[in-house]
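**Student:** Okay, so here is query29.cif, and as you'll see once you scroll down, it has mmCIF, C-alpha atoms.
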data_final
#
loop_
_atom_site.group_PDB
_atom_site.id
_atom_site.type_symbol
_atom_site.label_atom_id
_atom_site.label_comp_id
_atom_site.auth_asym_id
_atom_site.auth_seq_id
_atom_site.Cartn_x
_atom_site.Cartn_y
_atom_site.Cartn_z
ATOM 1 C CA MET V 258 0.000 0.000 0.000
ATOM 2 C CA THR V 259 1.509 3.327 -1.052
ATOM 3 C CA ASP V 260 1.285 6.722 0.600
ATOM 4 C CA ASP V 261 -0.153 9.180 -1.924
ATOM 5 C CA ARG V 262 0.497 12.161 0.272
ATOM 6 C CA GLY V 263 4.116 12.422 -0.848
ATOM 7 C CA PRO V 264 7.005 13.782 1.224
ATOM 8 C CA ALA V 265 6.253 16.308 3.937
ATOM 9 C CA LYS V 266 6.679 19.878 2.775
ATOM 10 C CA LYS V 267 9.722 21.559 4.287
ATOM 11 C CA PRO V 268 9.103 24.750 6.252
ATOM 12 C CA PRO V 269 10.469 27.981 4.740
ATOM 13 C CA MET V 270 14.136 28.605 5.502
ATOM 14 C CA ARG V 271 13.226 31.866 7.231
ATOM 15 C CA ASP V 272 11.099 29.919 9.720
ATOM 16 C CA VAL V 273 13.796 27.273 10.191
ATOM 17 C CA LEU V 274 16.370 29.926 11.044
ATOM 18 C CA ALA V 275 14.000 31.791 13.357
ATOM 19 C CA GLU V 276 13.147 28.589 15.232
ATOM 20 C CA ALA V 277 16.809 27.630 15.583
ATOM 21 C CA ALA V 278 17.711 31.116 16.777
ATOM 22 C CA PHE V 279 14.949 31.366 19.341
ATOM 23 C CA GLY V 280 15.640 27.896 20.691
ATOM 24 C CA LEU V 281 19.249 28.883 21.328
ATOM 25 C CA PHE V 282 18.259 32.211 22.846
ATOM 26 C CA MET V 283 16.082 30.393 25.362
ATOM 27 C CA GLU V 284 18.762 27.802 26.137
ATOM 28 C CA ARG V 285 21.910 29.946 26.269
ATOM 29 C CA GLY V 286 20.652 33.491 26.451
ATOM 30 C CA PHE V 287 20.561 36.073 23.707
ATOM 31 C CA GLU V 288 23.992 37.585 24.303
ATOM 32 C CA ARG V 289 25.795 34.226 24.447
ATOM 33 C CA THR V 290 24.298 32.982 21.182
ATOM 34 C CA THR V 291 26.197 33.790 17.975
ATOM 35 C CA VAL V 292 25.106 33.703 14.348
ATOM 36 C CA ASP V 293 27.505 30.779 13.884
ATOM 37 C CA ASP V 294 25.609 28.887 16.592
ATOM 38 C CA ILE V 295 22.308 29.571 14.847
ATOM 39 C CA VAL V 296 23.380 28.449 11.378
ATOM 40 C CA ALA V 297 25.037 25.354 12.844
ATOM 41 C CA ARG V 298 21.776 24.291 14.451
ATOM 42 C CA ALA V 299 19.803 25.096 11.297
ATOM 43 C CA GLY V 300 22.316 23.234 9.140
ATOM 44 C CA VAL V 301 23.015 26.118 6.747
ATOM 45 C CA GLY V 302 25.760 28.651 6.085
ATOM 46 C CA ARG V 303 26.143 32.201 7.414
ATOM 47 C CA ARG V 304 25.155 33.616 4.048
ATOM 48 C CA SER V 305 21.747 31.980 4.380
ATOM 49 C CA PHE V 306 21.154 33.661 7.727
ATOM 50 C CA PHE V 307 21.964 37.150 6.496
ATOM 51 C CA ARG V 308 19.836 36.620 3.418
ATOM 52 C CA TYR V 309 16.797 36.587 5.701
ATOM 53 C CA PHE V 310 17.878 38.511 8.801
ATOM 54 C CA PRO V 311 20.200 41.524 8.992
ATOM 55 C CA SER V 312 20.902 40.813 12.678
ATOM 56 C CA LYS V 313 20.189 38.520 15.617
ATOM 57 C CA GLU V 314 17.524 40.971 16.795
ATOM 58 C CA ASP V 315 15.594 40.522 13.550
ATOM 59 C CA ALA V 316 15.483 36.768 14.158
ATOM 60 C CA VAL V 317 13.596 37.374 17.421
ATOM 61 C CA PHE V 318 10.856 39.214 15.526
ATOM 62 C CA PRO V 319 10.587 37.285 12.249
ATOM 63 C CA ASP V 320 6.907 37.973 11.666
ATOM 64 C CA HIS V 321 6.717 41.750 11.980
ATOM 65 C CA GLU V 322 7.781 42.484 8.405
ATOM 66 C CA ARG V 323 4.945 40.355 7.086
ATOM 67 C CA CYS V 324 2.501 41.932 9.502
ATOM 68 C CA LEU V 325 3.573 45.437 8.461
ATOM 69 C CA ALA V 326 3.028 44.468 4.831
ATOM 70 C CA ASP V 327 -0.426 43.067 5.683
ATOM 71 C CA MET V 328 -1.309 46.249 7.572
ATOM 72 C CA THR V 329 -0.212 48.438 4.679
ATOM 73 C CA ALA V 330 -2.293 46.405 2.223
ATOM 74 C CA PHE V 331 -5.294 46.488 4.573
ATOM 75 C CA LEU V 332 -5.162 50.273 4.863
ATOM 76 C CA GLU V 333 -4.700 50.747 1.126
ATOM 77 C CA ALA V 334 -7.830 48.673 0.489
ATOM 78 C CA ALA V 335 -9.923 50.415 3.156
ATOM 79 C CA GLY V 336 -13.220 51.938 2.066
ATOM 80 C CA ASP V 337 -14.946 55.157 3.081
ATOM 81 C CA GLY V 338 -15.765 54.164 6.652
ATOM 82 C CA ASP V 339 -14.617 55.906 9.797
ATOM 83 C CA PRO V 340 -10.803 56.157 9.574
ATOM 84 C CA VAL V 341 -10.536 55.635 13.337
ATOM 85 C CA ASP V 342 -12.439 52.353 13.068
ATOM 86 C CA THR V 343 -10.142 51.378 10.200
ATOM 87 C CA VAL V 344 -6.897 51.932 12.106
ATOM 88 C CA CYS V 345 -8.305 50.080 15.116
ATOM 89 C CA ASP V 346 -9.092 47.128 12.834
ATOM 90 C CA ALA V 347 -5.585 47.382 11.350
ATOM 91 C CA ALA V 348 -4.069 47.189 14.835
ATOM 92 C CA ARG V 349 -5.936 43.937 15.412
ATOM 93 C CA LEU V 350 -3.805 42.373 12.665
ATOM 94 C CA VAL V 351 -0.864 42.640 15.043
ATOM 95 C CA LEU V 352 -2.854 40.963 17.792
ATOM 96 C CA ARG V 353 -3.739 38.060 15.511
ATOM 97 C CA MET V 354 -0.061 37.583 14.719
ATOM 98 C CA TYR V 355 0.718 37.191 18.427
ATOM 99 C CA ALA V 356 -2.320 34.988 19.096
ATOM 100 C CA VAL V 357 -1.379 32.421 16.434
ATOM 101 C CA ASN V 358 1.323 31.003 18.720
ATOM 102 C CA PRO V 359 0.681 32.084 22.323
ATOM 103 C CA GLU V 360 3.554 30.043 23.793
ATOM 104 C CA PHE V 361 6.124 31.603 21.476
ATOM 105 C CA SER V 362 4.674 35.077 21.994
ATOM 106 C CA VAL V 363 4.859 34.780 25.780
ATOM 107 C CA GLN V 364 8.432 33.447 25.667
ATOM 108 C CA ARG V 365 9.487 36.256 23.335
ATOM 109 C CA TYR V 366 7.861 38.836 25.598
ATOM 110 C CA ARG V 367 9.806 37.525 28.583
ATOM 111 C CA LEU V 368 13.056 37.421 26.622
ATOM 112 C CA THR V 369 12.528 40.984 25.417
ATOM 113 C CA ARG V 370 12.036 42.175 28.999
ATOM 114 C CA GLU V 371 15.401 40.652 29.938
ATOM 115 C CA VAL V 372 17.509 42.043 27.075
ATOM 116 C CA PRO V 373 17.660 45.855 26.792
ATOM 117 C CA GLY V 374 18.796 45.673 23.165
ATOM 118 C CA LEU V 375 15.710 43.680 22.224
ATOM 119 C CA ARG V 376 13.482 46.157 24.022
ATOM 120 C CA THR V 377 15.006 48.975 21.997
ATOM 121 C CA TYR V 378 14.534 46.996 18.792
ATOM 122 C CA GLU V 379 10.913 46.263 19.684
ATOM 123 C CA LEU V 380 10.234 49.969 20.236
ATOM 124 C CA SER V 381 11.584 50.721 16.764
ATOM 125 C CA VAL V 382 9.175 48.165 15.297
ATOM 126 C CA VAL V 383 6.267 49.658 17.242
ATOM 127 C CA ARG V 384 7.175 53.054 15.863
ATOM 128 C CA ARG V 385 6.947 51.693 12.313
ATOM 129 C CA TYR V 386 3.402 50.491 12.986
ATOM 130 C CA GLU V 387 2.544 53.887 14.412
ATOM 131 C CA ARG V 388 3.924 55.713 11.360
ATOM 132 C CA THR V 389 1.945 53.408 9.065
ATOM 133 C CA LEU V 390 -1.306 54.179 10.890
ATOM 134 C CA ALA V 391 -0.558 57.900 11.069
ATOM 135 C CA GLY V 392 0.220 58.009 7.356
ATOM 136 C CA TYR V 393 -3.171 56.529 6.531
ATOM 137 C CA LEU V 394 -5.001 58.930 8.859
ATOM 138 C CA GLU V 395 -3.159 61.913 7.429
ATOM 139 C CA ARG V 396 -4.149 60.892 3.904
ATOM 140 C CA CYS V 397 -7.759 60.837 5.100
ATOM 141 C CA GLY V 398 -7.450 64.395 6.407
ATOM 142 C CA ASP V 399 -7.673 67.756 4.707
ATOM 143 C CA GLY V 400 -3.956 68.409 4.476
ATOM 144 C CA THR V 401 -3.829 70.983 7.259
ATOM 145 C CA ARG V 402 -1.356 71.031 10.113
ATOM 146 C CA GLU V 403 -4.184 70.250 12.519
ATOM 147 C CA ALA V 404 -5.118 67.177 10.483
ATOM 148 C CA ALA V 405 -1.514 65.989 10.567
ATOM 149 C CA LEU V 406 -1.371 66.508 14.324
ATOM 150 C CA ARG V 407 -4.655 64.671 14.792
ATOM 151 C CA ALA V 408 -3.330 61.765 12.729
ATOM 152 C CA GLU V 409 -0.206 61.479 14.884
ATOM 153 C CA VAL V 410 -2.166 61.650 18.140
ATOM 154 C CA ILE V 411 -4.775 59.097 17.085
ATOM 155 C CA ALA V 412 -2.126 56.691 15.759
ATOM 156 C CA ALA V 413 -0.199 56.944 19.024
ATOM 157 C CA SER V 414 -3.423 56.348 20.958
ATOM 158 C CA VAL V 415 -4.249 53.246 18.906
ATOM 159 C CA VAL V 416 -0.784 51.785 19.428
ATOM 160 C CA ALA V 417 -0.836 52.547 23.167
ATOM 161 C CA ALA V 418 -4.285 51.012 23.608
ATOM 162 C CA HIS V 419 -3.404 47.915 21.562
ATOM 163 C CA ASN V 420 -0.153 47.364 23.446
ATOM 164 C CA ASN V 421 -1.832 47.814 26.801
ATOM 165 C CA GLY V 422 -4.293 45.009 26.069
ATOM 166 C CA LEU V 423 -1.672 42.817 24.419
ATOM 167 C CA ARG V 424 0.839 43.117 27.254
ATOM 168 C CA PHE V 425 -1.838 42.389 29.851
ATOM 169 C CA TRP V 426 -2.483 39.130 27.994
ATOM 170 C CA LEU V 427 1.233 38.340 27.642
ATOM 171 C CA ARG V 428 1.915 38.995 31.331
ATOM 172 C CA SER V 429 -0.858 36.533 32.177
ATOM 173 C CA GLY V 430 1.071 33.837 30.309
ATOM 174 C CA GLY V 431 -1.221 33.947 27.285
ATOM 175 C CA GLN V 432 -4.269 32.976 29.312
ATOM 176 C CA GLY V 433 -7.735 34.286 28.566
ATOM 177 C CA ASP V 434 -9.059 36.131 25.554
ATOM 178 C CA ALA V 435 -6.414 38.420 24.069
ATOM 179 C CA GLY V 436 -8.932 39.868 21.632
ATOM 180 C CA ALA V 437 -11.266 40.957 24.416
ATOM 181 C CA GLU V 438 -8.465 42.782 26.228
ATOM 182 C CA VAL V 439 -7.344 44.627 23.103
ATOM 183 C CA ASP V 440 -10.900 45.433 21.991
ATOM 184 C CA ARG V 441 -11.678 46.914 25.400
ATOM 185 C CA ALA V 442 -8.652 49.196 25.138
ATOM 186 C CA LEU V 443 -9.328 50.187 21.526
ATOM 187 C CA GLU V 444 -12.920 51.071 22.380
ATOM 188 C CA LEU V 445 -11.571 53.965 24.421
ATOM 189 C CA VAL V 446 -9.863 55.310 21.307
ATOM 190 C CA ARG V 447 -13.026 54.966 19.248
ATOM 191 C CA THR V 448 -15.070 56.679 21.954
ATOM 192 C CA VAL V 449 -12.799 59.731 22.055
ATOM 193 C CA TRP V 450 -11.771 60.063 18.402
ATOM 194 C CA GLY V 451 -14.269 58.154 16.257
ATOM 195 C CA ARG V 452 -17.135 59.676 14.305
ATOM 196 C CA ALA V 453 -19.648 58.050 16.630
ATOM 197 C CA SER V 454 -18.258 60.152 19.492
ATOM 198 C CA ALA V 455 -19.076 63.454 17.782
ATOM 199 C CA ARG V 456 -22.057 65.240 19.293
ATOM 200 C CA PRO V 457 -24.060 68.085 17.790
ATOM 201 C CA ALA V 458 -23.677 71.396 19.554
ATOM 202 C CA VAL V 459 -26.173 71.838 22.363
ATOM 203 C CA THR V 460 -27.215 75.254 23.592
ATOM 204 C CA ALA V 461 -27.822 75.674 27.286
ATOM 205 C CA ALA V 462 -30.914 77.447 28.524
ATOM 206 C CA GLU V 463 -30.360 81.044 29.586
ATOM 207 C CA ASP V 464 -30.961 80.229 33.234
ATOM 208 C CA GLU V 465 -28.877 77.019 33.183
ATOM 209 C CA VAL V 466 -25.479 77.114 34.841
ATOM 210 C CA ILE V 467 -22.866 74.445 34.395
ATOM 211 C CA VAL V 468 -19.921 74.121 36.781
ATOM 212 C CA MET V 469 -17.036 71.944 35.692
ATOM 213 C CA VAL V 470 -13.726 71.165 37.385
ATOM 214 C CA ALA V 471 -10.741 70.410 35.165
ATOM 215 C CA ALA V 472 -7.152 69.655 36.023
ATOM 216 C CA LYS V 473 -4.726 72.524 35.566
ATOM 217 C CA GLY V 474 -3.097 72.264 32.169
ATOM 218 C CA ALA V 475 -5.805 69.982 30.734
ATOM 219 C CA PRO V 476 -5.909 70.243 26.920
ATOM 220 C CA MET V 477 -8.677 72.417 25.525
ATOM 221 C CA TRP V 478 -10.194 69.574 23.478
ATOM 222 C CA ARG V 479 -10.722 67.603 26.703
ATOM 223 C CA VAL V 480 -12.357 70.581 28.437
ATOM 224 C CA VAL V 481 -14.694 71.167 25.503
ATOM 225 C CA GLN V 482 -15.548 67.472 25.342
ATOM 226 C CA ARG V 483 -16.530 67.387 29.002
ATOM 227 C CA ILE V 484 -18.653 70.523 28.638
ATOM 228 C CA GLU V 485 -20.478 69.065 25.627
ATOM 229 C CA SER V 486 -21.002 65.849 27.563
ATOM 230 C CA ALA V 487 -22.546 67.746 30.456
ATOM 231 C CA LEU V 488 -24.803 69.710 28.145
ATOM 232 C CA GLY V 489 -25.966 66.558 26.459
ATOM 233 C CA GLN V 490 -27.094 64.896 29.684
ATOM 234 C CA ASP V 491 -30.821 64.840 30.453
#
Now that the file is in, can you turn its structure into structure tokens?
**Tutor:**
Amino acid sequence: MTDDRGPAKKPPMRDVLAEAAFGLFMERGFERTTVDDIVARAGVGRRSFFRYFPSKEDAVFPDHERCLADMTAFLEAAGDGDPVDTVCDAARLVLRMYAVNPEFSVQRYRLTREVPGLRTYELSVVRRYERTLAGYLERCGDGTREAALRAEVIAASVVAAHNNGLRFWLRSGGQGDAGAEVDRALELVRTVWGRASARPAVTAAEDEVIVMVAAKGAPMWRVVQRIESALGQD
């Protein structure tokens, strides 16, 4: 009886190298592992490693380039909906990347906390996501300086909210629903910046007095938002 399935398909070399590298990082530590160690375990030459990864740090985050490409394509194909909803949905692509392999994601998170160089590298990757989101939001704006500022602030808010939910899940060891944590955080961004949060102007009655307390130095947009919220209450 023959096996019609044929030989098992080999994983891509990029994945082989990333797996070999991460296994060694966990066994020996990041600093004590060399590129020569990685290629020896993977059974390839140094040239093969540098064809896929410019550095050891890149091998720790092998999936971010693909995720950035997916995010860019997602934003380019976005329709005429609320841009804030769109960038929140784009951020969820990053979450899905982490959720595919919770064990690896948790181990990488712990390794990154232990190695300052990896933390710095991770921040540079996060900044690339933020610039991608801000670029999309700016293209949706009217070209003014205020629109550019708004794009930067919203993009930073999306990234901060996403990372807050993601890191809560990672610190828990990958337990629970990562999507629920991230969605809860992103909902705050949508509430403040999305179209659904906009309220029509409400005029107070002549004899109506509103007293509001705001922290010293609070931004004007926050003060106005709280006033409009008070006016809109029954």
**Student:** Extract, using only C-alpha atoms, all DNA, RNA and protein residues at most 8 Å from region 413-430 of chain V, discarding same-chain residues fewer than 4 positions from it, and format them as a VMD selection string.
**Tutor:** chain V and resid 344 to 345 348 to 349 352 360 362 to 363 366 383 386 to 387 409 434 to 435 438 to 443 445 to 446
**Student:** Rounded to one decimal in Å, what is the spacing between CA of Ala405 (chain V) and CA of Val382 (chain V)?
**Tutor:**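 If I compute the distance from CA of Ala405 (chain V) to CA of Val382 (chain V), I get 21.3 Å.
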**Student:** Distance CA of Ala391 (chain V)-CA of Thr329 (chain V), one decimal place?
**Tutor:**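 Going from CA of Ala391 (chain V) over to CA of Thr329 (chain V), I get 11.4 Å.
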**Student:** Give the answer as one residue: which of V:Lys267, V:Arg365, V:Arg452, V:Arg323 has the shortest atom-to-atom distance to Met283 (chain V), using only C-alpha atoms?
**Tutor:**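 Of the candidates, the smallest distance to Met283 (chain V) is held by V:Arg365.
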**Student:** Evaluate the PyMOL selection byres ((chain V and resi 302-306) around 12) on the structure here and hand back the selected residues as a list of chain:residue names.
**Tutor:**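 Residues picked by the PyMOL selection byres ((chain V and resi 302-306) around 12): V:Pro269, V:Met270, V:Arg271, V:Asp272, V:Val273, V:Leu274, V:Ala275, V:Ala277, V:Ala278, V:Thr291, V:Val292, V:Asp293, V:Asp294, V:Ile295, V:Val296, V:Ala297, V:Arg298, V:Ala299, V:Gly300, V:Val301, V:Phe307, V:Arg308, V:Tyr309, V:Phe310, V:Pro311, V:Ser312, V:Lys313, V:Asp315, V:Ala316.
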